[in-house]
Each structure stands twice: as structure tokens, then as C-alpha cells.
file run07.txt (compact mmCIF, C-alpha atoms)
# COMPACT_ATOMS: atom_id res chain seq x y z
CA MET Y 274 -25.29 39.64 13.27
CA THR Y 275 -28.27 41.20 13.30
CA ILE Y 276 -30.82 43.54 14.15
CA SER Y 277 -30.82 44.18 17.86
CA ASP Y 278 -31.71 47.61 19.19
CA ARG Y 279 -28.34 47.84 20.91
CA ASN Y 280 -26.52 47.43 17.61
CA LEU Y 281 -28.52 49.55 15.21
CA GLY Y 282 -25.87 52.21 14.89
CA VAL Y 283 -26.11 55.97 14.79
CA VAL Y 284 -29.08 57.25 12.86
CA PRO Y 285 -28.30 60.34 10.77
CA ARG Y 286 -30.09 63.64 11.10
CA THR Y 287 -33.25 63.53 9.07
CA PHE Y 288 -35.32 66.21 7.37
CA GLY Y 289 -37.43 66.41 10.51
CA ASP Y 290 -34.35 66.88 12.70
CA ARG Y 291 -32.99 69.70 10.57
CA PHE Y 292 -36.23 71.68 10.55
CA GLY Y 293 -37.26 71.06 14.13
CA VAL Y 294 -40.26 68.86 13.45
CA PRO Y 295 -41.19 66.99 16.67
CA ALA Y 296 -40.69 63.24 16.39
CA LYS Y 297 -44.34 62.59 17.26
CA LYS Y 298 -45.46 64.61 14.24
CA ARG Y 299 -43.32 62.75 11.73
CA TRP Y 300 -45.78 60.54 9.92
CA TYR Y 301 -43.14 58.07 8.75
CA LEU Y 302 -42.22 57.19 12.36
CA ALA Y 303 -45.76 56.09 13.20
CA LYS Y 304 -46.05 52.31 13.05
CA ARG Y 305 -49.75 52.57 12.29
CA ASN Y 306 -49.05 54.66 9.17
CA LEU Y 307 -46.47 52.15 7.99
CA TRP Y 308 -48.85 49.22 8.33
CA LEU Y 309 -51.60 51.12 6.56
CA ALA Y 310 -49.15 51.72 3.71
CA ILE Y 311 -48.06 48.07 3.66
CA LEU Y 312 -51.60 46.73 3.55
CA GLY Y 313 -52.69 49.45 1.14
CA THR Y 314 -49.84 48.73 -1.26
CA HIS Y 315 -50.65 45.03 -1.34
CA ALA Y 316 -54.32 45.86 -1.84
CA VAL Y 317 -53.27 47.95 -4.84
CA PHE Y 318 -51.39 44.94 -6.20
CA PHE Y 319 -54.53 42.81 -6.02
CA ILE Y 320 -56.73 45.56 -7.47
CA GLY Y 321 -54.29 46.24 -10.28
CA LEU Y 322 -54.29 42.58 -11.30
CA SER Y 323 -57.98 41.97 -10.57
CA GLY Y 324 -58.97 42.07 -14.23
CA THR Y 325 -56.42 39.39 -15.07
CA MET Y 326 -57.49 37.28 -12.09
CA LEU Y 327 -61.21 37.54 -12.88
CA ALA Y 328 -60.50 36.39 -16.43
CA GLY Y 329 -58.60 33.39 -15.05
CA ASN Y 330 -55.40 34.53 -16.76
CA VAL Y 331 -51.83 35.15 -15.57
CA GLN Y 332 -49.05 37.57 -16.44
CA GLY Y 333 -45.28 37.50 -16.80
CA ASP Y 334 -43.39 34.35 -15.89
CA LEU Y 335 -46.51 32.94 -14.26
CA GLN Y 336 -47.56 31.84 -17.74
CA ILE Y 337 -44.75 29.31 -17.92
CA TYR Y 338 -45.03 28.50 -14.19
CA ARG Y 339 -48.68 27.55 -14.65
CA HIS Y 340 -47.80 25.54 -17.75
CA TRP Y 341 -45.21 23.57 -15.77
CA ALA Y 342 -47.62 23.05 -12.86
CA PHE Y 343 -50.44 21.64 -14.96
CA GLN Y 344 -48.07 19.70 -17.17
CA GLY Y 345 -47.39 17.73 -14.01
CA LEU Y 346 -50.83 17.83 -12.39
CA VAL Y 347 -52.73 16.86 -15.55
CA HIS Y 348 -50.25 14.94 -17.70
CA GLY Y 349 -47.90 13.58 -15.03
CA SER Y 350 -44.79 15.08 -16.65
CA TRP Y 351 -42.87 16.96 -13.98
CA PRO Y 352 -40.06 19.46 -14.65
CA GLY Y 353 -36.89 18.59 -12.81
CA ILE Y 354 -38.13 15.02 -12.34
CA ASP Y 355 -39.04 13.72 -15.77
CA PHE Y 356 -36.92 16.17 -17.74
CA ALA Y 357 -34.12 18.70 -17.17
CA TRP Y 358 -35.18 21.99 -15.63
CA VAL Y 359 -33.68 25.44 -15.26
CA TYR Y 360 -34.53 25.69 -11.52
CA PRO Y 361 -33.68 23.52 -8.49
CA GLU Y 362 -36.40 20.92 -7.86
CA ILE Y 363 -37.75 22.53 -4.68
CA ALA Y 364 -38.88 25.50 -6.78
CA LEU Y 365 -41.57 23.13 -8.00
CA GLY Y 366 -43.21 23.42 -4.57
CA PRO Y 367 -44.63 26.96 -4.80
CA ILE Y 368 -45.19 26.59 -8.56
CA VAL Y 369 -47.39 23.53 -8.07
CA PHE Y 370 -49.03 24.81 -4.87
CA ALA Y 371 -50.46 27.78 -6.75
CA GLY Y 372 -52.02 25.35 -9.21
CA LEU Y 373 -53.70 23.10 -6.65
CA TRP Y 374 -56.59 25.53 -6.33
CA GLY Y 375 -57.57 25.47 -9.97
CA PHE Y 376 -56.31 26.71 -13.31
CA GLY Y 377 -58.14 30.04 -13.13
CA PHE Y 378 -57.05 30.83 -9.56
CA TYR Y 379 -53.31 30.53 -10.20
CA LEU Y 380 -52.51 34.25 -10.11
CA PHE Y 381 -54.67 34.86 -7.02
CA VAL Y 382 -53.00 32.09 -5.02
CA TRP Y 383 -49.56 33.22 -6.17
CA LEU Y 384 -50.22 36.79 -5.03
CA CYS Y 385 -51.44 35.46 -1.68
CA MET Y 386 -48.16 33.57 -1.20
CA ILE Y 387 -46.12 36.65 -2.10
CA SER Y 388 -48.19 38.88 0.20
CA VAL Y 389 -47.93 36.53 3.18
CA LEU Y 390 -44.14 36.34 2.87
CA ASN Y 391 -43.82 40.11 2.38
CA ILE Y 392 -45.93 40.86 5.45
CA ALA Y 393 -43.99 38.29 7.49
CA SER Y 394 -40.75 40.00 6.47
CA PHE Y 395 -42.07 43.36 7.73
CA ILE Y 396 -43.12 41.80 11.04
CA VAL Y 397 -39.68 40.28 11.62
CA LEU Y 398 -37.82 43.36 10.36
CA LEU Y 399 -39.69 45.74 12.66
CA GLY Y 400 -39.47 43.48 15.72
CA ARG Y 401 -41.15 44.10 19.04
CA ARG Y 402 -39.30 47.32 19.85
CA THR Y 403 -39.39 49.29 16.64
CA SER Y 404 -36.58 51.83 16.28
CA ARG Y 405 -36.30 54.69 13.80
CA SER Y 406 -33.75 52.85 11.69
CA ARG Y 407 -36.05 49.85 11.43
CA MET Y 408 -38.88 52.12 10.36
CA ILE Y 409 -36.71 53.74 7.70
CA ALA Y 410 -35.65 50.30 6.47
CA ALA Y 411 -39.27 49.13 6.33
CA TRP Y 412 -40.37 52.17 4.33
CA TRP Y 413 -37.46 51.64 1.95
CA TRP Y 414 -38.36 47.94 1.58
CA LEU Y 415 -41.97 48.84 0.80
CA ALA Y 416 -40.92 51.43 -1.79
CA ILE Y 417 -38.65 48.91 -3.50
CA LEU Y 418 -41.40 46.28 -3.56
CA PHE Y 419 -43.64 48.79 -5.30
CA VAL Y 420 -40.96 49.93 -7.76
CA LEU Y 421 -39.95 46.36 -8.63
CA SER Y 422 -43.51 45.00 -8.52
CA PRO Y 423 -43.44 43.70 -12.13
CA VAL Y 424 -40.84 41.13 -11.03
CA ALA Y 425 -41.43 41.08 -7.26
CA LEU Y 426 -44.99 39.84 -7.82
CA LEU Y 427 -44.57 37.58 -10.84
CA ARG Y 428 -41.23 35.78 -10.40
CA LEU Y 429 -39.86 33.14 -8.03
CA ASP Y 430 -37.41 35.73 -6.75
CA GLY Y 431 -40.39 37.53 -5.23
CA LEU Y 432 -40.66 34.58 -2.83
CA THR Y 433 -36.99 34.26 -1.95
CA ALA Y 434 -36.39 37.99 -1.34
CA PRO Y 435 -38.63 38.28 1.77
CA MET Y 436 -37.35 34.88 2.93
CA VAL Y 437 -33.80 36.27 2.99
CA VAL Y 438 -34.93 39.39 4.88
CA ILE Y 439 -36.48 37.12 7.51
CA ALA Y 440 -33.42 34.85 7.64
CA LEU Y 441 -30.97 37.72 8.17
CA ALA Y 442 -33.16 39.37 10.78
CA LEU Y 443 -33.40 36.11 12.77
CA LEU Y 444 -29.72 35.19 12.64
CA ALA Y 445 -28.68 36.52 16.05
CA ARG Y 446 -31.35 34.73 18.08
CA TRP Y 447 -32.48 31.91 15.82
CA PRO Y 448 -29.52 30.67 13.75
CA LEU Y 449 -31.14 27.29 13.14
CA ALA Y 450 -34.19 29.00 11.65
CA THR Y 451 -31.88 31.13 9.52
CA GLY Y 452 -30.14 28.02 8.20
CA PHE Y 453 -33.44 26.34 7.36
CA ILE Y 454 -34.88 29.40 5.60
CA LEU Y 455 -31.71 30.11 3.62
CA ALA Y 456 -31.39 26.47 2.55
CA THR Y 457 -35.00 26.40 1.40
CA ALA Y 458 -34.55 29.67 -0.49
CA THR Y 459 -31.36 28.33 -2.10
CA TRP Y 460 -33.21 25.25 -3.32
CA ILE Y 461 -35.75 27.56 -4.95
CA LYS Y 462 -33.28 30.05 -6.47
CA VAL Y 463 -29.54 29.47 -6.06
CA TRP Y 464 -28.50 33.02 -5.14
CA PRO Y 465 -29.09 32.81 -1.33
CA ALA Y 466 -26.01 30.55 -1.23
CA ALA Y 467 -24.06 33.83 -1.25
CA ILE Y 468 -25.49 34.62 2.19
CA PHE Y 469 -24.32 31.22 3.45
CA LEU Y 470 -20.78 31.99 2.30
CA ALA Y 471 -20.77 35.36 4.06
CA ILE Y 472 -22.12 33.81 7.27
CA VAL Y 473 -19.39 31.16 7.26
CA ALA Y 474 -16.74 33.84 6.85
CA THR Y 475 -18.03 36.31 9.44
CA SER Y 476 -20.68 35.06 11.88
CA ARG Y 477 -20.15 33.47 15.27
CA ASN Y 478 -23.30 31.44 14.65
CA TRP Y 479 -22.01 30.01 11.38
CA LEU Y 480 -21.87 26.40 12.58
CA ALA Y 481 -25.53 26.31 13.65
CA VAL Y 482 -26.59 27.96 10.39
CA VAL Y 483 -24.54 25.56 8.27
CA MET Y 484 -25.72 22.48 10.17
CA ALA Y 485 -29.36 23.52 9.75
CA GLY Y 486 -28.69 24.14 6.06
CA ILE Y 487 -27.04 20.75 5.61
CA ILE Y 488 -29.87 18.90 7.35
CA THR Y 489 -32.48 20.78 5.30
CA SER Y 490 -30.61 20.13 2.06
CA ALA Y 491 -30.17 16.46 2.93
CA ALA Y 492 -33.93 16.16 3.44
CA PHE Y 493 -34.58 17.84 0.10
CA VAL Y 494 -32.08 15.61 -1.71
CA ALA Y 495 -33.63 12.51 -0.15
CA ALA Y 496 -37.08 13.63 -1.31
CA ILE Y 497 -35.77 14.37 -4.81
CA LEU Y 498 -34.15 10.95 -5.06
CA ALA Y 499 -37.27 9.27 -3.66
CA VAL Y 500 -39.40 10.59 -6.54
CA GLY Y 501 -36.85 9.41 -9.09
CA ALA Y 502 -35.35 12.78 -10.02
CA GLY Y 503 -31.74 11.80 -9.41
CA ASP Y 504 -30.78 12.11 -13.07
CA ASN Y 505 -31.94 15.73 -13.19
CA ILE Y 506 -30.92 16.89 -9.72
CA SER Y 507 -28.16 19.12 -11.12
CA SER Y 508 -29.85 19.99 -14.41
CA PHE Y 509 -30.37 23.60 -13.29
CA ILE Y 510 -26.57 23.98 -13.35
CA THR Y 511 -25.96 22.32 -16.70
CA MET Y 512 -28.81 24.20 -18.40
CA GLN Y 513 -27.39 27.53 -17.27
CA SER Y 514 -23.98 26.62 -18.70
CA THR Y 515 -25.39 26.39 -22.23
CA ARG Y 516 -26.99 29.85 -22.25
CA ASN Y 517 -25.85 32.66 -24.52
CA LEU Y 518 -25.36 36.26 -23.41
CA GLN Y 519 -28.71 37.66 -22.34
CA LEU Y 520 -29.63 41.11 -23.61
CA GLU Y 521 -29.68 42.75 -20.16
CA ALA Y 522 -26.42 41.31 -18.79
CA PRO Y 523 -23.73 43.91 -17.99
CA VAL Y 524 -21.15 41.95 -19.97
CA ALA Y 525 -23.43 41.95 -23.03
CA ALA Y 526 -23.11 45.73 -23.51
CA PRO Y 527 -20.59 45.63 -26.42
CA TRP Y 528 -22.70 43.16 -28.40
CA LEU Y 529 -25.89 45.06 -27.57
CA TRP Y 530 -24.45 48.32 -28.87
CA MET Y 531 -22.95 46.73 -31.97
CA SER Y 532 -26.34 45.17 -32.76
CA VAL Y 533 -28.09 48.51 -32.15
CA ALA Y 534 -25.61 50.07 -34.59
CA GLU Y 535 -26.57 47.29 -37.04
CA GLN Y 536 -23.01 46.09 -37.47
CA PRO Y 537 -22.73 42.89 -39.55
CA GLY Y 538 -22.68 39.69 -37.49
CA PHE Y 539 -24.11 41.26 -34.32
CA LEU Y 540 -27.71 40.24 -33.61
CA ARG Y 541 -30.43 40.33 -30.99
CA PHE Y 542 -32.55 37.20 -31.05
CA TYR Y 543 -35.19 35.38 -29.02
CA GLY Y 544 -34.01 32.16 -27.38
CA GLU Y 545 -36.96 29.80 -27.65
CA SER Y 546 -35.72 27.20 -25.14
CA LEU Y 547 -35.50 29.61 -22.18
CA GLU Y 548 -37.78 32.32 -23.60
CA THR Y 549 -35.24 35.14 -23.26
CA TRP Y 550 -33.77 37.78 -25.55
CA GLU Y 551 -30.08 37.22 -26.21
CA VAL Y 552 -27.25 38.80 -28.19
CA THR Y 553 -24.68 37.16 -30.39
CA GLY Y 554 -21.69 38.18 -32.45
CA PRO Y 555 -17.94 37.63 -32.75
CA GLY Y 556 -16.55 36.55 -29.37
CA SER Y 557 -19.92 36.28 -27.59
CA ALA Y 558 -19.76 32.50 -27.16
CA PHE Y 559 -16.25 32.71 -25.67
CA VAL Y 560 -17.25 35.47 -23.24
CA ALA Y 561 -20.39 33.55 -22.22
CA LYS Y 562 -18.23 30.57 -21.26
CA LEU Y 563 -15.74 32.84 -19.51
CA MET Y 564 -18.26 34.43 -17.15
CA THR Y 565 -18.69 31.43 -14.82
CA PRO Y 566 -14.96 31.13 -13.99
CA LEU Y 567 -14.74 34.93 -13.66
CA MET Y 568 -17.63 34.86 -11.22
CA ALA Y 569 -15.88 32.12 -9.23
CA ILE Y 570 -12.68 34.19 -9.11
CA ALA Y 571 -14.64 37.22 -7.89
CA VAL Y 572 -16.30 35.15 -5.16
CA VAL Y 573 -12.94 33.76 -3.98
CA ALA Y 574 -11.43 37.26 -3.93
CA ILE Y 575 -14.34 38.64 -1.90
CA MET Y 576 -14.12 35.74 0.55
CA GLY Y 577 -10.44 36.58 0.95
CA LEU Y 578 -11.31 40.18 1.85
CA LEU Y 579 -13.90 38.91 4.33
CA TRP Y 580 -11.42 36.61 6.06
CA ARG Y 581 -8.85 39.42 6.17
CA ALA Y 582 -11.28 41.90 7.71
CA ARG Y 583 -12.56 39.36 10.22
CA LYS Y 584 -9.03 38.41 11.27
CA ARG Y 585 -8.31 42.09 11.92
CA GLY Y 586 -11.37 42.42 14.15
CA ALA Y 587 -13.90 44.18 11.92
CA PRO Y 588 -17.47 44.37 13.31
CA SER Y 589 -19.09 41.05 12.42
CA GLN Y 590 -22.57 42.44 11.75
CA GLU Y 591 -21.47 45.09 9.28
CA LEU Y 592 -18.95 42.70 7.75
CA LEU Y 593 -21.59 40.03 7.18
CA LEU Y 594 -23.95 42.38 5.37
CA VAL Y 595 -21.30 44.12 3.27
CA GLY Y 596 -19.82 40.75 2.38
CA SER Y 597 -23.23 39.35 1.46
CA LEU Y 598 -23.91 42.35 -0.76
CA ALA Y 599 -20.48 42.07 -2.39
CA LEU Y 600 -20.99 38.37 -3.15
CA ALA Y 601 -24.55 38.83 -4.43
CA THR Y 602 -23.60 41.85 -6.56
CA SER Y 603 -20.68 39.97 -8.08
CA MET Y 604 -23.13 37.19 -9.01
CA VAL Y 605 -25.12 39.80 -10.94
CA VAL Y 606 -22.26 41.78 -12.50
CA PHE Y 607 -20.38 38.68 -13.67
CA ASN Y 608 -23.52 36.89 -14.80
CA LYS Y 609 -24.21 36.23 -18.47
CA VAL Y 610 -27.97 36.39 -17.86
CA GLY Y 611 -28.88 39.65 -16.11
CA SER Y 612 -32.64 39.24 -15.74
CA PRO Y 613 -34.51 42.11 -14.01
CA GLN Y 614 -35.50 39.92 -11.05
CA TYR Y 615 -31.81 39.63 -10.15
CA MET Y 616 -32.13 43.03 -8.47
CA LEU Y 617 -34.15 41.19 -5.81
CA TRP Y 618 -30.95 39.35 -4.90
CA LEU Y 619 -29.47 42.61 -3.62
CA VAL Y 620 -32.47 44.35 -2.08
CA PRO Y 621 -32.94 42.12 1.03
CA ILE Y 622 -29.34 42.64 2.13
CA VAL Y 623 -29.62 46.42 1.78
CA VAL Y 624 -32.91 46.39 3.73
CA VAL Y 625 -31.27 44.73 6.74
CA GLY Y 626 -28.20 46.95 6.33
CA ILE Y 627 -30.33 50.09 6.57
CA ALA Y 628 -31.99 48.69 9.69
CA LEU Y 629 -28.57 48.00 11.20
CA ASN Y 630 -26.97 51.38 10.47
CA THR Y 631 -28.88 53.87 8.36
CA ARG Y 632 -25.92 56.21 7.90
CA SER Y 633 -23.46 53.56 6.71
CA TRP Y 634 -25.98 52.14 4.26
CA ARG Y 635 -27.17 55.42 2.77
CA VAL Y 636 -24.99 55.04 -0.35
CA PRO Y 637 -26.05 51.48 -1.27
CA GLY Y 638 -29.63 52.36 -0.35
CA ASN Y 639 -29.69 55.29 -2.78
CA LEU Y 640 -27.86 53.31 -5.46
CA MET Y 641 -30.24 50.39 -5.11
CA MET Y 642 -33.28 52.65 -5.36
CA ALA Y 643 -31.93 54.19 -8.58
CA ILE Y 644 -31.05 50.75 -9.94
CA SER Y 645 -34.55 49.48 -9.16
CA ILE Y 646 -36.27 52.42 -10.83
CA MET Y 647 -34.13 52.04 -13.94
CA THR Y 648 -34.69 48.28 -13.97
CA THR Y 649 -38.45 48.74 -14.09
CA MET Y 650 -38.06 51.38 -16.80
CA VAL Y 651 -36.08 48.85 -18.85
CA PHE Y 652 -38.50 46.02 -18.10
CA PRO Y 653 -41.35 46.14 -18.78
CA ILE Y 654 -41.76 49.80 -19.82
CA PHE Y 655 -39.10 50.14 -22.53
CA TYR Y 656 -38.36 46.48 -23.14
CA MET Y 657 -39.89 46.20 -26.59
CA PRO Y 658 -38.09 49.34 -27.83
CA LEU Y 659 -34.90 47.79 -26.41
CA VAL Y 660 -35.27 44.51 -28.30
CA ASN Y 661 -36.16 46.51 -31.40
CA GLY Y 662 -32.87 48.42 -31.20
CA SER Y 663 -33.78 51.71 -29.50
CA ARG Y 664 -30.66 53.69 -28.63
CA TYR Y 665 -32.47 55.46 -25.80
CA ALA Y 666 -33.47 52.16 -24.21
CA ALA Y 667 -29.92 50.88 -24.66
CA VAL Y 668 -28.55 53.96 -22.88
CA LEU Y 669 -30.99 53.35 -20.02
CA LEU Y 670 -29.94 49.71 -19.69
CA THR Y 671 -26.23 50.52 -19.92
CA SER Y 672 -26.62 53.20 -17.24
CA ARG Y 673 -28.40 50.73 -14.95
CA ASN Y 674 -25.60 48.22 -15.41
CA ALA Y 675 -22.99 50.90 -14.74
CA LEU Y 676 -24.68 51.58 -11.39
CA LEU Y 677 -24.44 47.87 -10.58
CA VAL Y 678 -20.69 48.01 -11.20
CA ILE Y 679 -20.47 51.10 -8.98
CA LEU Y 680 -22.39 49.26 -6.25
CA LEU Y 681 -19.96 46.35 -6.48
CA GLY Y 682 -17.08 48.82 -6.25
CA TRP Y 683 -18.60 50.35 -3.11
CA THR Y 684 -18.85 46.95 -1.43
CA ILE Y 685 -15.22 46.13 -2.26
CA MET Y 686 -13.99 49.49 -0.97
CA ARG Y 687 -16.09 49.07 2.17
CA LEU Y 688 -14.63 45.61 2.83
CA VAL Y 689 -11.11 46.98 2.45
CA MET Y 690 -11.89 49.92 4.75
CA LEU Y 691 -13.45 47.65 7.38
CA GLY Y 692 -10.28 45.59 7.45
CA GLN Y 693 -8.01 48.63 7.63
CA SER Y 694 -10.01 50.51 10.27
CA ALA Y 695 -10.26 47.40 12.42
CA SER Y 696 -6.50 46.87 12.15
CA LYS Y 697 -5.72 50.47 13.15
CA LYS Y 698 -8.16 50.29 16.06
CA SER Y 699 -6.61 47.03 17.20
CA ASP Y 700 -3.08 48.46 16.99
CA PHE Y 701 -4.11 51.62 18.87
CA THR Y 702 -5.79 49.58 21.61
CA ALA Y 703 -2.74 47.34 21.96
CA VAL Y 704 -0.43 50.36 22.36
CA GLN Y 705 -2.73 51.90 24.97
CA GLN Y 706 -2.88 48.66 26.95
CA ALA Y 707 0.89 48.27 26.83
CA GLN Y 708 1.50 51.84 28.03
CA PHE Y 709 -1.10 51.46 30.77
CA SER Y 710 0.34 48.20 32.06
CA GLN Y 711 3.93 49.47 32.02
CA LYS Y 712 3.14 52.66 33.94
CA ASP Y 713 0.69 51.42 36.51
CA PHE Y 714 1.02 47.64 36.65
CA PRO Y 715 4.63 46.67 35.90
CA VAL Y 716 4.93 43.00 35.04
CA SER Y 717 7.14 40.93 37.31
CA SER Y 718 8.27 37.39 37.02
CA THR Y 719 5.79 36.30 39.65
CA THR Y 720 2.68 38.06 38.38
CA HIS Y 721 0.45 37.23 35.43
call {"tool": "encode", "arguments": {"input": "run07.txt", "output": "C-alpha cells"}}
result
Amino acid sequence: MTISDRNLGVVPRTFGDRFGVPAKKRWYLAKRNLWLAILGTHAVFFIGLSGTMLAGNVQGDLQIYRHWAFQGLVHGSWPGIDFAWVYPEIALGPIVFAGLWGFGFYLFVWLCMISVLNIASFIVLLGRRTSRSRMIAAWWWLAILFVLSPVALLRLDGLTAPMVVIALALLARWPLATGFILATATWIKVWPAAIFLAIVATSRNWLAVVMAGIITSAAFVAAILAVGAGDNISSFITMQSTRNLQLEAPVAAPWLWMSVAEQPGFLRFYGESLETWEVTGPGSAFVAKLMTPLMAIAVVAIMGLLWRARKRGAPSQELLLVGSLALATSMVVFNKVGSPQYMLWLVPIVVVGIALNTRSWRVPGNLMMAISIMTTMVFPIFYMPLVNGSRYAAVLLTSRNALLVILLGWTIMRLVMLGQSASKKSDFTAVQQAQFSQKDFPVSSTTH
């Protein structure tokens, strides 16, 4: 895979092309303008949160992150080590690191970590020889970071998203680095495992990536066992299995609407243990248990489509990214949780897809932008009206989830088309070669 200037695909005609604007006068193609926007946007993030930082406070999920960090630093009780935890143990690294600089500096240090990773992702994405498609992808990435800033700045997924952008962009030349980065990201939030699966199914460099991932994971497991966390090493899996249907999950729509309609037995409630809003009602417990096997079935089916397309000679780069997006989207659509930060599972793949071939990735790019805007409108803007039963907020959430299903449908159709087009191309090439050899180079018993 990945981004090399020889393989970036055909860039579609842009607004500037249609109206005869010289390339040199298109502001969005100037690297200097892009970097000014990148640095300016991150400066806005710091300025916007400056009041909270100066007061020594935090926002969003950083409240519980800081609690976990100082529960360990001050009281010696570590999540994932001394008690079961909802995240893999390596997620404790950035959570504790932000606390090493003092209780009141937690938000500032966290924003610094996010900013460094974001800027690194732009550097790797743009590369040394910046093409137009890379520039378009970088602008899109920056816009998404701004739109999803409530979760991109204040959740662990804001760390793993730029890590995945970097990993995918390095795959062609540095597969070992890709394996290390993806393994680390997976041990922070599980979702990058979907990228591993797609790489195994499609990439020529899969063995190097997997070996680097195995070595990295082995080192993490050894460290976890060394600190005595063996009993809780898989607690992030078992804790997820006991969750109810979260309010925002696509599958929760029937129970959400029945609760909004105030039907008896259908409720929205706050889950104290995981601090999330959930829905309950007749059949909700059964469906919650059903989602994990359904997700597994979806993953197996998508892997089957990937193997089929690869066997028929589909382009490996496009196949890897479409497959990654299909796997990640299925992990969102068939998830009983559905938190807003899950959109950051999909964004990095679309970023690299746009850089690879802007035209082919126009549909998922537009869908993902709409999904991101609607996600931020749901949370945090209209979240309290939603939990209070607002029909308008419920319509907004349901529409967002419908777009996620449409995005999954696009990836499936694209995988099928990649397999079919590759097969037809292969058959056509074989016929041409046969005709050519028969007419001009007849095969004899003594020639090969």
C-alpha cells in the first residue's frame, strides 16, 4: 500500500480547474497556507480551553482519566493492574503521563500530546513531494479534526487516530514501523486491530507488519505480567461484554424511539459504572448479547470478500483501504456502544484513501464529513435534549446512524466491484495474451 506519488490515482477536476483558475493562485494548494491553518487551528484549541487550563480543571473524559491517573500516582491503586478496567493496560501510559506534570497541568499536557501526534500525522501524510491529492487529504483531515474536536481532543481515540494515519502512510516503505505503531494503538484502543486484519488479507508486507506487531505485543504482555496485572489483562473484553445498549448505538434506535414515545417498559438511564447513557426495554438484553457474534460474522464476511478480491487481482492499495474501512465501519454499526469518538476509527482510513485516489474516495469523504458534523451536533450540542427525550435530537442521531449504515454499504459494494473488475480485467488480459501468442508466436513442442 500506500501513498507514493506514482500511485496516487487520477485527481478529479476541481473548482479551480472548471473556472480556469491558475494552479499557483489556488490558496489550498500552497503548503505554507496549509501549515498556517494547521498551526492556527491547534492554537485555537489551546486558546479555547485556556480558561479551563488556567483554572487547573479538565473537560470531558479527561475528568475520569485524571481520576484514574492520580488514583495510581497518589494512592497506588492502578486501573487494569489492581482492578478490572475498560481499556487495555497500555492505555494507562498516556493517561498517567499527562498526570506526571501536576494535577493542574493535566489538560495542558494532554493537549500537547494530541497536538504533537496530529502534526506528525500531517508531516507523514504530506511527505517530501507533496501532491495535490495529499494536500486535499490534509485539508480534509484538518477540517475533520476541527469538527470532531470535542472528542478528538478529549478522548483516547484522539491519540490513536493520528497514529493510524502515520501507520498507513508508512506501510509501503516502513512495514516494521507500521506494525509497531498499529500494535501500540491497538493496546490503547482495540479498534486498530481491524487494520491488521486488512493488511494480512491484502498487503505484500503483511508478514513484516504482523511480526512487528507480535514482538511489540509480546513486550507489552511481558510488562503487564511483570507488574502483576495478569489477572486483569483481558478485563477490557469482559467488561465490555456486560454493557447494555448505549443510547447512541445504531442498534439501539428502536428502544430509543420507544422511550422517546414514553412507551411502558422502555427507559433511558445513566449507567453509573461506565458513566454512559443507556436504553433498556423488552428484548434489549438479548440484542446486546447478540451484537458481539453479529460483529464477528460481519468481520468474517468482509475478510471473505477481501480474500476473493485479492485472489482475482484487485489493486492491493485500494483493497487494503476499502477493506480497512469496511471492517472498522462494521465494528461501529454492529457495536452496542456507539460513542461519538468511534467516528475517529473511520476518519484515518478515509484520510489516506483520499490521498491515494481523491476521485474514488469522494463518496466516503463526503459521507464521513456529514457523519462527523452530525456527531458533534448530537454530542455535545444536543446531547442533553437527547437524553431528556427530544424527538428532534433523536431524529438527528438516527439520521447519523443511517449514514453509517450507508457508508458500510458503500464499502461492501466497493469490495464486490473491486473483485469483479479485477476478474474481468484478468480474463480480458488472458484472452489477449492467448490470441497474441497463437498468431505471432505459435507454441511448439520444443519451445517454452
call {"tool": "atom_distance", "arguments": {"input": "run07.txt", "atom1": "CA of Gly692 (chain Y)", "atom2": "CA of Leu592 (chain Y)"}}
result
9.1 Å
call {"tool": "closest_residue", "arguments": {"input": "run07.txt", "among": "Y:Ser476, Y:Gln344, Y:Ser490, Y:Gln519", "to": "Thr459 (chain Y)", "atoms": "all atoms listed in the file"}}
result
Y:Ser490
call {"tool": "atom_distance", "arguments": {"input": "run07.txt", "atom1": "CA of Arg585 (chain Y)", "atom2": "CA of Arg632 (chain Y)"}}
result
22.9 Å
call {"tool": "residues_around", "arguments": {"input": "run07.txt", "residues": "Ala601 (chain Y)", "least_positions_apart": "2", "cutoff": "8 Å", "atoms": "only C-alpha atoms", "output": "short mmCIF file (atom, residue, chain, number, x, y, z; two decimals) with C-alpha atoms, keeping the file's coordinate frame"}}
result
data_model
loop_
_atom_site.label_atom_id
_atom_site.label_comp_id
_atom_site.auth_asym_id
_atom_site.auth_seq_id
_atom_site.Cartn_x
_atom_site.Cartn_y
_atom_site.Cartn_z
CA TRP Y 464 -28.50 33.02 -5.14
CA ALA Y 467 -24.06 33.83 -1.25
CA ILE Y 468 -25.49 34.62 2.19
CA SER Y 597 -23.23 39.35 1.46
CA LEU Y 598 -23.91 42.35 -0.76
CA ALA Y 599 -20.48 42.07 -2.39
CA SER Y 603 -20.68 39.97 -8.08
CA MET Y 604 -23.13 37.19 -9.01
CA VAL Y 605 -25.12 39.80 -10.94
CA TRP Y 618 -30.95 39.35 -4.90
CA LEU Y 619 -29.47 42.61 -3.62
#
call {"tool": "atom_distance", "arguments": {"input": "run07.txt", "atom1": "CA of Gly377 (chain Y)", "atom2": "CA of Phe319 (chain Y)"}}
result
15.1 Å
call {"tool": "residues_around", "arguments": {"input": "run07.txt", "residues": "Ile417 (chain Y)", "least_positions_apart": "4", "cutoff": "10 Å", "atoms": "all atoms listed in the file", "output": "list in words"}}
result
Ala411, Trp412, Trp413, Leu421, Ser422, Ala425, Leu617, Val620, Pro621, Val624, Met641, Met642, Ala643, Ser645 and Ile646 of chain Y
call {"tool": "closest_residue", "arguments": {"input": "run07.txt", "among": "Y:Thr451, Y:Ser612, Y:Ser394, Y:Thr648", "to": "Met484 (chain Y)", "atoms": "all atoms listed in the file"}}
result
Y:Thr451
call {"tool": "closest_residue", "arguments": {"input": "run07.txt", "among": "Y:Met326, Y:Val397, Y:Val420, Y:Leu676", "to": "Trp447 (chain Y)", "atoms": "all atoms listed in the file"}}
result
Y:Val397
call {"tool": "residues_near_point", "arguments": {"input": "run07.txt", "point": "(-29.4, 18.8, -12.6)", "cutoff": "10 Å", "atoms": "all atoms listed in the file", "output": "number ranges by chain"}}
result
Y: 353-354, 356-362, 502-512
call {"tool": "axis_aligned_box", "arguments": {"input": "run07.txt", "around": "region 424-435 of chain Y", "padding_each_side": "4 Å", "output": "AutoDock Vina command-line options"}}
result
--center_x -40.7 --center_y 37.1 --center_z -4.6 --size_x 16.6 --size_y 16.0 --size_z 20.8
